[in-house]
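Since the structure comes first, as C-alpha cells, the remarks are kept for the end.
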Protein chains: 2
Amino acid sequence: MIVRDFHDLKTTDRSVSDQNWNSVRMLLADDGMGFSFHITTIGGGTEHTFHYKHHFESVYCISGKGSIEDLATGEVHQITPGVMYALDKHDKHTVRCEETLVLACCFNPPVTGTEVHREDGSYAPAEESA
Amino acid sequence: MIVRDFHDLKTTDRSVSDQNWNSVRMLLADDGMGFSFHITTIGGGTEHTFHYKHHFESVYCISGKGSIEDLATGEVHQITPGVMYALDKHDKHTVRCEETLVLACCFNPPVTGTEVHREDGSYAPAEESA
C-alpha cells in the first residue's frame with residue numbers, strides 16, 4: 001500500500017511548476033497502478049492550452065472557478081467544484097481560470113514524470129520521454 | 001470531450017449507495033478512458049472492509065477525517081484532506097470514518113458499474129460482472 005500526503009510532496013521533486021501552474025504527482029508510472037494521479041493547481045486570471053495527443057486525461061474540480069473550451073468545436077463548459085471533464089478524444093482545449101482551480105487529474109497511460117509540455121501542448125508518448 | 005457534474009449525477013443511476021456509503025461514478029468502463037473515476041462519500045462513525053483482488057484503486061481525500069488499516073500488517077494511516085492511498089498490492093483494508101469522508105477514487109481496470117461488493121470485500125473481475 002502506498003500512502004502519500006499532498007502537503008509533503010509539495011516540497012519535493014514530485015511537485016512540478018510552470019507559469020501559474022503547479023502539478024503534484026501523487027502517482028506516476030513507476031508506481032505500477034496503470035494510471036497516474038495528479039493534484040494540479042492553476043492560478044486565477046490565467047489560461048492554458050493543452051493537447052494530450054498520446055494520453056487520456058480526466059480532470060475533476062475540487063475547488064475554484066473557470067472554464068474549458070473545446071478548440072475543435074468552440075464549445076465552452078463552466079468548471080466549478082464537482083464538474084469533471086474527460087478528454088476521451090484527446091481533445092485540444094483551453095482552460096481559463098477565474099479563481100484558483102484545484103483539480104484532481106488522472107492520466108492513462110500514466111505520466112512518467114519526465115514529460116514536458118511540447119510546443120503543440122502535448123506530452124510525448126511514454127516511449128519518447130522514458 | 002465528456003463533461004459531467006457530480007451534483008447532476010447524484011440523482012441518477014450512476015449514484016450507487018450501500019449502508020453509510022455512496023459512490024457517484026463520474027467515469028465507467030464504457031467511457032473508454034481505461035480507468036474509472038468515482039466520488040465516494042463515507043458516513044461518519046462507520047467502518048468498511050474492502051479487498052479489490054482484481055483491481056488497482058487509488059483514493060484521494062478531498063474532505064473529512066478517518067483512517068485506513070492494512071489488514072496484512074495491522075498498520076494504520078490517518079486519512080485527512082490531501083492524503084492519498086493506493087492499493088498497489090490489492091491490499092485488503094478497513095476504512096474507518098470519523099467525519100464524513102469525500103474521496104476521489106480511480107480504478108484500473110475500470111469498473112463497469114454492474115459490480116457488487118462480494119462477501120470477501122472484492123469486486124468480481126470485469127469478465128464475470130459484464
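Residue names in the C-alpha cells use chain letters A, B, ... in the order shown, residue numbers from 1 in each chain, and ligand numbers from 1 in the order shown.
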Next item on the list: Within 7 Å of Pro109 of chain A, counting only C-alpha atoms, which residues show up once you throw out same-chain ones fewer than 6 positions away? Write them as a list in words, please.
Entry: Gly34, Phe35 and His55 of chain A
Could you give me, as a tab-separated table, every chain B residue with an atom at most 10 Å from chain A, plus its closest atom pair and distance in Å to one decimal, counting only C-alpha atoms, rows ordered by chain then number?
residue	atom	partner	partner_atom	distance
B:Met1	CA	A:Leu87	CA	4.9
B:Ile2	CA	A:Ala86	CA	5.0
B:Val3	CA	A:Tyr85	CA	4.4
B:Arg4	CA	A:Met84	CA	5.4
B:Asp5	CA	A:Val83	CA	4.3
B:Phe6	CA	A:Gly82	CA	4.9
B:His7	CA	A:Gly82	CA	6.6
B:Asp8	CA	A:Gly82	CA	9.3
B:Leu9	CA	A:Gly82	CA	10.0
B:Met26	CA	A:Met84	CA	7.4
B:Leu27	CA	A:Ala86	CA	8.4
B:Asp31	CA	A:Asp88	CA	7.6
B:Gly32	CA	A:Asp88	CA	7.0
B:Met33	CA	A:Phe56	CA	6.1
B:Gly34	CA	A:Asn108	CA	6.7
B:Phe35	CA	A:Phe35	CA	7.5
B:Ser36	CA	A:Cys106	CA	9.5
B:Phe37	CA	A:Ser58	CA	8.3
B:His38	CA	A:Tyr60	CA	9.9
B:Ile39	CA	A:Gly82	CA	9.1
B:His55	CA	A:Met33	CA	9.3
B:Phe56	CA	A:Met33	CA	6.0
B:Glu57	CA	A:Met33	CA	7.7
B:Ser58	CA	A:Met33	CA	8.2
B:Val59	CA	A:Val3	CA	9.6
B:Tyr60	CA	A:Ala104	CA	8.6
B:Cys61	CA	A:Asp5	CA	9.5
B:Ile62	CA	A:Ile62	CA	7.3
B:Ser63	CA	A:Ile62	CA	9.9
B:Ile68	CA	A:Val3	CA	9.8
B:Asp70	CA	A:Met1	CA	7.6
B:His77	CA	A:Val3	CA	7.7
B:Gln78	CA	A:Val3	CA	9.5
B:Ile79	CA	A:Asp5	CA	9.2
B:Thr80	CA	A:Asp5	CA	8.7
B:Pro81	CA	A:Asp5	CA	8.5
B:Gly82	CA	A:Phe6	CA	4.9
B:Val83	CA	A:Asp5	CA	4.3
B:Met84	CA	A:Arg4	CA	5.3
B:Tyr85	CA	A:Val3	CA	4.4
B:Ala86	CA	A:Ile2	CA	5.0
B:Leu87	CA	A:Met1	CA	4.9
B:Asp88	CA	A:Met1	CA	5.7
B:Lys89	CA	A:Met1	CA	6.3
B:His90	CA	A:Met1	CA	8.1
B:Asp91	CA	A:Met1	CA	6.4
B:Lys92	CA	A:Met1	CA	9.5
B:His93	CA	A:Met1	CA	9.5
B:Ala104	CA	A:Ala104	CA	7.8
B:Cys105	CA	A:Phe37	CA	10.0
B:Cys106	CA	A:Cys106	CA	7.8
B:Phe107	CA	A:Met33	CA	8.8
B:Asn108	CA	A:Gly34	CA	6.7
B:Pro109	CA	A:Gly34	CA	8.4
Transformed chain A, reference chain B, in-order C-alpha pairing, as a compact mmCIF listing (two decimals) with C-alpha atoms, in the first residue's frame:
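To be explicit, this is the file written out as superposed25.txt:
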# COMPACT_ATOMS: atom_id res chain seq x y z
CA MET A 1 -15.02 15.53 -24.60
CA ILE A 2 -17.15 14.29 -21.75
CA VAL A 3 -18.35 16.87 -19.19
CA ARG A 4 -20.32 15.76 -16.14
CA ASP A 5 -21.34 17.37 -12.87
CA PHE A 6 -21.29 15.37 -9.65
CA HIS A 7 -24.39 17.24 -8.48
CA ASP A 8 -26.36 16.15 -11.55
CA LEU A 9 -25.22 12.51 -11.36
CA LYS A 10 -26.16 12.25 -7.67
CA THR A 11 -29.79 11.72 -8.66
CA THR A 12 -29.16 9.23 -11.48
CA ASP A 13 -28.34 5.52 -11.63
CA ARG A 14 -24.67 6.50 -11.68
CA SER A 15 -25.07 7.10 -7.95
CA VAL A 16 -24.79 3.82 -6.05
CA SER A 17 -25.35 3.52 -2.31
CA ASP A 18 -24.84 0.94 0.34
CA GLN A 19 -25.09 1.34 4.10
CA ASN A 20 -23.40 4.64 5.01
CA TRP A 21 -21.60 4.69 1.71
CA ASN A 22 -22.31 6.37 -1.64
CA SER A 23 -20.35 6.28 -4.87
CA VAL A 24 -21.03 8.54 -7.85
CA ARG A 25 -19.50 7.07 -10.97
CA MET A 26 -18.14 10.01 -12.94
CA LEU A 27 -16.43 7.67 -15.45
CA LEU A 28 -17.06 3.97 -16.07
CA ALA A 29 -15.52 1.35 -18.35
CA ASP A 30 -17.76 2.21 -21.29
CA ASP A 31 -16.40 5.76 -21.36
CA GLY A 32 -13.26 4.24 -22.85
CA MET A 33 -10.70 6.08 -20.73
CA GLY A 34 -9.05 2.88 -19.47
CA PHE A 35 -9.83 3.73 -15.84
CA SER A 36 -12.94 4.62 -13.89
CA PHE A 37 -13.31 7.63 -11.63
CA HIS A 38 -15.69 7.86 -8.69
CA ILE A 39 -16.54 10.35 -5.97
CA THR A 40 -17.22 8.28 -2.89
CA THR A 41 -18.75 9.58 0.33
CA ILE A 42 -18.49 7.57 3.55
CA GLY A 43 -20.59 8.42 6.57
CA GLY A 44 -19.00 9.37 9.90
CA GLY A 45 -18.80 6.70 12.57
CA THR A 46 -18.75 3.78 10.11
CA GLU A 47 -16.16 1.25 9.01
CA HIS A 48 -15.84 -0.70 5.78
CA THR A 49 -13.62 -3.59 4.74
CA PHE A 50 -12.73 -3.97 1.07
CA HIS A 51 -10.44 -6.25 -0.86
CA TYR A 52 -10.17 -5.41 -4.56
CA LYS A 53 -8.45 -8.58 -5.68
CA HIS A 54 -8.93 -7.79 -9.34
CA HIS A 55 -8.48 -4.01 -9.41
CA PHE A 56 -5.92 -1.38 -8.51
CA GLU A 57 -7.52 1.54 -6.68
CA SER A 58 -6.21 4.92 -5.61
CA VAL A 59 -8.15 7.10 -3.18
CA TYR A 60 -7.53 10.80 -2.58
CA CYS A 61 -9.16 12.52 0.40
CA ILE A 62 -10.93 15.75 -0.55
CA SER A 63 -12.52 16.31 2.85
CA GLY A 64 -13.27 14.55 6.12
CA LYS A 65 -11.28 12.52 8.60
CA GLY A 66 -10.64 8.83 9.09
CA SER A 67 -8.05 6.09 8.84
CA ILE A 68 -7.10 3.07 6.78
CA GLU A 69 -5.80 -0.16 8.27
CA ASP A 70 -3.70 -2.51 6.17
CA LEU A 71 -5.11 -5.84 7.30
CA ALA A 72 -1.98 -7.74 6.27
CA THR A 73 0.31 -5.71 8.55
CA GLY A 74 -2.04 -4.02 11.02
CA GLU A 75 -0.51 -0.68 10.08
CA VAL A 76 -2.91 2.27 10.38
CA HIS A 77 -2.62 5.50 8.35
CA GLN A 78 -4.57 8.65 9.07
CA ILE A 79 -6.79 9.98 6.26
CA THR A 80 -7.12 13.76 6.14
CA PRO A 81 -7.58 16.14 3.19
CA GLY A 82 -4.61 15.77 0.83
CA VAL A 83 -3.79 12.17 1.81
CA MET A 84 -3.89 9.52 -0.92
CA TYR A 85 -3.66 5.78 -0.54
CA ALA A 86 -3.06 3.43 -3.45
CA LEU A 87 -3.77 -0.29 -3.21
CA ASP A 88 -0.91 -1.37 -5.43
CA LYS A 89 -0.84 -4.86 -3.94
CA HIS A 90 -4.62 -5.35 -3.96
CA ASP A 91 -4.31 -4.78 -0.21
CA LYS A 92 -7.20 -5.92 1.95
CA HIS A 93 -8.05 -2.96 4.15
CA THR A 94 -10.51 -1.41 6.55
CA VAL A 95 -11.51 2.25 6.22
CA ARG A 96 -12.76 3.87 9.41
CA CYS A 97 -14.53 7.18 9.10
CA GLU A 98 -14.58 9.71 11.95
CA GLU A 99 -16.05 12.65 9.97
CA THR A 100 -17.78 12.23 6.60
CA LEU A 101 -15.11 11.40 4.04
CA VAL A 102 -15.33 12.65 0.45
CA LEU A 103 -12.90 10.67 -1.68
CA ALA A 104 -11.78 10.78 -5.33
CA CYS A 105 -11.22 7.18 -6.44
CA CYS A 106 -9.60 5.74 -9.59
CA PHE A 107 -9.91 2.09 -10.59
CA ASN A 108 -7.87 0.10 -13.08
CA PRO A 109 -9.26 -1.88 -14.78
CA PRO A 110 -12.23 0.45 -14.92
CA VAL A 111 -15.34 -0.52 -13.01
CA THR A 112 -18.21 -1.37 -15.37
CA GLY A 113 -20.92 -0.19 -12.97
CA THR A 114 -22.54 -3.59 -12.59
CA GLU A 115 -20.21 -4.94 -9.89
CA VAL A 116 -21.42 -5.56 -6.38
CA HIS A 117 -19.19 -5.98 -3.36
CA ARG A 118 -18.90 -9.69 -2.72
CA GLU A 119 -18.74 -11.21 0.72
CA ASP A 120 -14.96 -11.23 0.59
CA GLY A 121 -14.92 -7.43 0.00
CA SER A 122 -13.87 -7.71 -3.64
CA TYR A 123 -15.45 -6.76 -6.92
CA ALA A 124 -15.62 -9.55 -9.46
CA PRO A 125 -13.19 -9.25 -12.38
CA ALA A 126 -14.75 -7.47 -15.35
CA GLU A 127 -15.34 -10.67 -17.30
CA GLU A 128 -17.54 -12.03 -14.49
CA SER A 129 -19.58 -8.86 -13.97
CA ALA A 130 -20.11 -7.87 -17.61
Note to self: Just list as a PyMOL selection string whatever in segment 3-114 of chain A DSSP marks as strand (DSSP E or B).
What the structure shows: chain A and resi 3-5+15-18+21-27+36-42+46-50+56-70+76-79+83-86+93-108
Margin query: Among chain A, which residues does DSSP mark as helix (DSSP H, G or I) when it is run on the backbone? Keep the chain and numbering as in the structure and answer as number ranges by chain.
Written below: A: 6-9, 29-31, 126-129
Just to be explicit: take each residue in the selection above, keep C-alpha atoms, and write the result as a JSON list (two decimals), in the first residue's frame.
[["chain", "number", "residue", "atom", "x", "y", "z"],
["A", 6, "PHE", "CA", -0.08, 16.18, -0.96],
["A", 7, "HIS", "CA", 1.32, 18.61, 1.63],
["A", 8, "ASP", "CA", 4.53, 16.57, 1.98],
["A", 9, "LEU", "CA", 5.01, 16.13, -1.78],
["A", 29, "ALA", "CA", 4.02, 5.30, -14.00],
["A", 30, "ASP", "CA", 6.60, 3.58, -11.81],
["A", 31, "ASP", "CA", 4.02, 3.11, -9.06],
["A", 126, "ALA", "CA", 5.94, 7.35, -22.92],
["A", 127, "GLU", "CA", 8.46, 5.68, -25.22],
["A", 128, "GLU", "CA", 9.84, 9.09, -26.24],
["A", 129, "SER", "CA", 10.06, 10.54, -22.73]]
